[in-house]
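Structure data (PDB, C-alpha atoms, pLDDT in the B column) from my_file_33.pdb:
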```pdb
ATOM      1  CA  ASP A   8       0.000   0.000   0.000  1.00 93.00           C
ATOM      2  CA  ALA A   9       1.624   3.211  -1.159  1.00 92.00           C
ATOM      3  CA  VAL A  10      -1.439   5.375  -0.504  1.00 92.00           C
ATOM      4  CA  GLY A  11      -2.524   5.023   3.131  1.00 93.00           C
ATOM      5  CA  GLY A  12      -5.777   6.421   4.459  1.00 93.00           C
ATOM      6  CA  SER A  13      -8.938   4.494   3.628  1.00 93.00           C
ATOM      7  CA  ALA A  14      -7.161   2.769   0.708  1.00 93.00           C
ATOM      8  CA  SER A  15      -5.325   0.647   3.280  1.00 95.00           C
ATOM      9  CA  GLY A  16      -8.630  -0.675   4.584  1.00 95.00           C
ATOM     10  CA  ARG A  17      -9.915  -1.414   1.085  1.00 95.00           C
ATOM     11  CA  LEU A  18      -6.740  -3.338   0.287  1.00 95.00           C
ATOM     12  CA  ALA A  19      -7.025  -5.268   3.568  1.00 96.00           C
ATOM     13  CA  GLU A  20     -10.535  -6.357   2.583  1.00 96.00           C
ATOM     14  CA  CYS A  21      -9.123  -7.922  -0.607  1.00 96.00           C
ATOM     15  CA  LEU A  22      -6.529 -10.058   1.167  1.00 97.00           C
ATOM     16  CA  ALA A  23      -6.862 -13.722   2.049  1.00 97.00           C
ATOM     17  CA  PRO A  24      -7.000 -14.703   5.736  1.00 97.00           C
ATOM     18  CA  SER A  25      -3.597 -14.585   7.471  1.00 97.00           C
ATOM     19  CA  ALA A  26      -2.103 -12.389   4.712  1.00 98.00           C
ATOM     20  CA  THR A  27       0.233  -9.448   5.273  1.00 98.00           C
ATOM     21  CA  LEU A  28      -0.479  -5.892   4.119  1.00 97.00           C
ATOM     22  CA  VAL A  29       2.743  -3.962   3.490  1.00 97.00           C
ATOM     23  CA  SER A  30       2.669  -0.179   3.761  1.00 96.00           C
ATOM     24  CA  TYR A  31       5.491   1.654   1.976  1.00 95.00           C
ATOM     25  CA  GLY A  32       4.103   5.122   1.424  1.00 90.00           C
ATOM     26  CA  ARG A  33       1.563   7.742   2.387  1.00 89.00           C
ATOM     27  CA  MET A  34       0.563   9.364  -0.872  1.00 88.00           C
ATOM     28  CA  SER A  35      -2.806  10.346   0.570  1.00 91.00           C
ATOM     29  CA  GLY A  36      -1.091  12.209   3.405  1.00 92.00           C
ATOM     30  CA  GLU A  37      -3.233  10.226   5.849  1.00 93.00           C
ATOM     31  CA  PRO A  38      -2.303   7.404   8.215  1.00 93.00           C
ATOM     32  CA  CYS A  39      -3.407   3.876   7.306  1.00 95.00           C
ATOM     33  CA  ARG A  40      -6.971   3.078   8.357  1.00 95.00           C
ATOM     34  CA  VAL A  41      -7.693  -0.624   8.687  1.00 96.00           C
ATOM     35  CA  ALA A  42     -10.652  -1.908  10.723  1.00 95.00           C
ATOM     36  CA  PRO A  43      -9.635  -3.938  13.794  1.00 96.00           C
ATOM     37  CA  ASP A  44     -11.824  -6.773  12.454  1.00 95.00           C
ATOM     38  CA  ALA A  45      -9.197  -7.430   9.782  1.00 95.00           C
ATOM     39  CA  PHE A  46      -6.617  -8.225  12.436  1.00 96.00           C
ATOM     40  CA  VAL A  47      -8.849  -9.932  14.975  1.00 96.00           C
ATOM     41  CA  PHE A  48     -11.154 -12.050  12.826  1.00 97.00           C
ATOM     42  CA  ARG A  49      -9.114 -12.494   9.618  1.00 96.00           C
ATOM     43  CA  ASP A  50      -5.679 -12.733  11.248  1.00 97.00           C
ATOM     44  CA  LEU A  51      -4.136 -10.115   8.935  1.00 97.00           C
ATOM     45  CA  THR A  52      -0.760  -8.628   9.675  1.00 97.00           C
ATOM     46  CA  MET A  53       0.406  -5.166   8.688  1.00 97.00           C
ATOM     47  CA  ARG A  54       3.990  -4.039   8.451  1.00 97.00           C
ATOM     48  CA  GLY A  55       5.990  -1.188   7.011  1.00 96.00           C
ATOM     49  CA  PHE A  56       8.716  -1.227   4.381  1.00 96.00           C
ATOM     50  CA  TRP A  57      11.254   1.496   3.599  1.00 95.00           C
ATOM     51  CA  LEU A  58      13.526   0.800   0.648  1.00 93.00           C
ATOM     52  CA  ALA A  59      16.316   3.017   1.990  1.00 94.00           C
ATOM     53  CA  ARG A  60      16.474   0.968   5.191  1.00 95.00           C
ATOM     54  CA  TRP A  61      16.382  -2.283   3.214  1.00 94.00           C
ATOM     55  CA  PHE A  62      19.416  -1.109   1.207  1.00 93.00           C
ATOM     56  CA  GLN A  63      21.239  -0.213   4.459  1.00 95.00           C
ATOM     57  CA  GLN A  64      20.512  -3.553   6.137  1.00 96.00           C
ATOM     58  CA  THR A  65      20.860  -5.997   3.230  1.00 96.00           C
ATOM     59  CA  PRO A  66      24.307  -7.376   2.360  1.00 97.00           C
ATOM     60  CA  ASP A  67      25.798  -6.310  -0.998  1.00 96.00           C
ATOM     61  CA  ALA A  68      25.635  -9.829  -2.461  1.00 97.00           C
ATOM     62  CA  ALA A  69      21.923 -10.171  -1.689  1.00 97.00           C
ATOM     63  CA  ARG A  70      21.179  -6.722  -3.161  1.00 96.00           C
ATOM     64  CA  ARG A  71      23.091  -7.580  -6.350  1.00 96.00           C
ATOM     65  CA  GLU A  72      21.284 -10.911  -6.656  1.00 97.00           C
ATOM     66  CA  LEU A  73      17.878  -9.262  -6.316  1.00 96.00           C
ATOM     67  CA  MET A  74      18.709  -6.404  -8.711  1.00 95.00           C
ATOM     68  CA  THR A  75      19.961  -8.956 -11.284  1.00 97.00           C
ATOM     69  CA  GLU A  76      16.698 -10.875 -10.978  1.00 97.00           C
ATOM     70  CA  VAL A  77      14.602  -7.694 -11.319  1.00 96.00           C
ATOM     71  CA  ALA A  78      16.646  -6.581 -14.347  1.00 96.00           C
ATOM     72  CA  HIS A  79      16.021  -9.974 -15.980  1.00 97.00           C
ATOM     73  CA  LEU A  80      12.281  -9.707 -15.312  1.00 97.00           C
ATOM     74  CA  ILE A  81      12.231  -6.237 -16.885  1.00 93.00           C
ATOM     75  CA  THR A  82      14.269  -7.168 -19.963  1.00 95.00           C
ATOM     76  CA  SER A  83      12.196 -10.313 -20.526  1.00 97.00           C
ATOM     77  CA  GLY A  84       8.985  -8.266 -20.409  1.00 93.00           C
ATOM     78  CA  THR A  85       7.647 -10.203 -17.417  1.00 96.00           C
ATOM     79  CA  LEU A  86       7.791  -7.113 -15.216  1.00 94.00           C
ATOM     80  CA  HIS A  87       6.574  -3.884 -16.727  1.00 90.00           C
ATOM     81  CA  ALA A  88       4.602  -0.789 -15.880  1.00 90.00           C
ATOM     82  CA  PRO A  89       2.242   1.104 -18.152  1.00 93.00           C
ATOM     83  CA  ILE A  90       3.536   4.545 -19.161  1.00 94.00           C
ATOM     84  CA  HIS A  91       1.105   7.447 -19.107  1.00 95.00           C
ATOM     85  CA  ALA A  92       3.462  10.176 -20.347  1.00 95.00           C
ATOM     86  CA  THR A  93       7.145  10.877 -20.946  1.00 96.00           C
ATOM     87  CA  PHE A  94       8.782  14.283 -20.430  1.00 97.00           C
ATOM     88  CA  GLU A  95      12.294  15.479 -21.156  1.00 96.00           C
ATOM     89  CA  VAL A  96      14.083  16.731 -18.058  1.00 96.00           C
ATOM     90  CA  THR A  97      13.780  20.298 -19.373  1.00 96.00           C
ATOM     91  CA  ARG A  98      10.008  19.925 -18.822  1.00 96.00           C
ATOM     92  CA  ILE A  99      10.340  18.687 -15.239  1.00 96.00           C
ATOM     93  CA  LYS A 100       7.719  21.114 -13.883  1.00 96.00           C
ATOM     94  CA  GLU A 101       5.137  19.744 -16.336  1.00 95.00           C
ATOM     95  CA  ALA A 102       6.087  16.182 -15.422  1.00 95.00           C
ATOM     96  CA  VAL A 103       5.663  16.847 -11.697  1.00 94.00           C
ATOM     97  CA  ALA A 104       2.301  18.547 -12.310  1.00 94.00           C
ATOM     98  CA  GLU A 105       1.138  15.604 -14.431  1.00 93.00           C
ATOM     99  CA  ALA A 106       2.227  13.110 -11.781  1.00 90.00           C
ATOM    100  CA  ALA A 107       0.516  15.101  -9.013  1.00 89.00           C
ATOM    101  CA  ALA A 108      -2.745  15.430 -10.952  1.00 88.00           C
ATOM    102  CA  GLY A 109      -3.686  11.772 -10.422  1.00 78.00           C
ATOM    103  CA  GLY A 110      -6.224   9.854 -12.485  1.00 84.00           C
ATOM    104  CA  ARG A 111      -3.489   8.338 -14.647  1.00 87.00           C
ATOM    105  CA  SER A 112      -3.377   4.876 -16.110  1.00 86.00           C
ATOM    106  CA  GLY A 113       0.419   4.619 -15.906  1.00 92.00           C
ATOM    107  CA  LYS A 114       3.709   6.131 -14.807  1.00 93.00           C
ATOM    108  CA  VAL A 115       5.030   9.586 -15.626  1.00 95.00           C
ATOM    109  CA  LEU A 116       8.631   9.276 -16.832  1.00 95.00           C
ATOM    110  CA  VAL A 117      11.384  11.884 -17.034  1.00 96.00           C
ATOM    111  CA  THR A 118      14.105  11.291 -19.627  1.00 94.00           C
ATOM    112  CA  PRO A 119      17.501  12.984 -20.022  1.00 90.00           C
TER
END
```
Rewrite the coordinates I just gave you, this time as structure tokens.
Amino acid sequence: DAVGGSASGRLAECLAPSATLVSYGRMSGEPCRVAPDAFVFRDLTMRGFWLARWFQQTPDAARRELMTEVAHLITSGTLHAPIHATFEVTRIKEAVAEAAAGGRSGKVLVTP
């Protein structure tokens, strides 16, 4: 969950019993809101994830192994993200405005 707020609760409702909801952002600006029922009656777990901390705590060899695997998934086409718009770096203000506007169906990219 990168959004937080009520989106966290909606995501929790979609999970199987005993699943884990991972929060790694707060794009909504609101704290995560998950009903206690999700934890008590469905045995869900919620935890946080911060990529910067992961990089600090994970040994170099493990980071390289994971990045190699991710690169392979990207180059093979298995892992991809839809692109909404691409902006040259000289148009960075437009790119940031487009990204902040929401309602997109893909990522906003900035190219050199």
What is the distance between atom CA of Ser30 of chain A and atom CA of Phe94 of chain A, in Å to one decimal? 28.8 Å
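In terms of minimum interatomic distance to Pro119 of chain A, A:Glu95 ranks closest within A:Ala106, A:Glu95, A:Leu73, A:Ala78, counting all atoms listed in the file.
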As a ChimeraX atom specification, please: the residues near segment 47-53 of chain A (cut-off 6 Å, only C-alpha atoms, same-chain neighbours under 2 positions excluded). /A:24-29,44-45
To test your reading of the syntax: which residues would the PyMOL selection byres ((chain A and resi 57) around 12) return for the file shown? Reply as a PyMOL selection string. chain A and resi 8-9+29-33+54-56+58-64
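Separating atom CA of Gly110 of chain A from atom CA of Val96 of chain A is a distance of 22.2 Å.
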Distance criterion (all atoms listed in the file): nearest to Lys114 of chain A out of A:Val10, A:Arg98, A:His87, A:Thr82: A:His87
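A straight line drawn from atom CA of Gly36 of chain A to atom CA of Glu105 of chain A is 18.3 Å long.
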Hey, could you make a per-residue contact list for segment 33-109 of chain A against segment 12-19 of chain A with 7 Å as the cut-off, showing the nearest pair of atoms and its distance in Å to one decimal, counting all atoms listed in the file, sorted by chain and number, as a Markdown table?
```
| residue | atom | partner | partner_atom | distance |
| --- | --- | --- | --- | --- |
| A:Ser35 | CA | A:Gly12 | CA | 6.3 |
| A:Glu37 | CA | A:Gly12 | CA | 4.8 |
| A:Pro38 | CA | A:Gly12 | CA | 5.2 |
| A:Cys39 | CA | A:Gly12 | CA | 4.5 |
| A:Arg40 | CA | A:Gly12 | CA | 5.3 |
| A:Val41 | CA | A:Gly16 | CA | 4.2 |
| A:Ala42 | CA | A:Gly16 | CA | 6.6 |
| A:Ala45 | CA | A:Ala19 | CA | 6.9 |
```
Save the residues we just selected, C-alpha atoms, as an mmCIF file, in the coordinates of the input?
```
data_model
loop_
_atom_site.group_PDB
_atom_site.id
_atom_site.type_symbol
_atom_site.label_atom_id
_atom_site.label_comp_id
_atom_site.auth_asym_id
_atom_site.auth_seq_id
_atom_site.Cartn_x
_atom_site.Cartn_y
_atom_site.Cartn_z
ATOM 1 C CA SER A 35 -2.806 10.346 0.570
ATOM 2 C CA GLU A 37 -3.233 10.226 5.849
ATOM 3 C CA PRO A 38 -2.303 7.404 8.215
ATOM 4 C CA CYS A 39 -3.407 3.876 7.306
ATOM 5 C CA ARG A 40 -6.971 3.078 8.357
ATOM 6 C CA VAL A 41 -7.693 -0.624 8.687
ATOM 7 C CA ALA A 42 -10.652 -1.908 10.723
ATOM 8 C CA ALA A 45 -9.197 -7.430 9.782
#
```
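What the PyMOL selection byres ((chain A and resi 112) around 6) picks from this file is His91, Arg111 and Gly113 of chain A.
Distances from A:Val115, A:Ala69, A:Leu22, A:Leu86 to Ala102 of chain A were compared using all atoms listed in the file, and the smallest one belongs to A:Val115.
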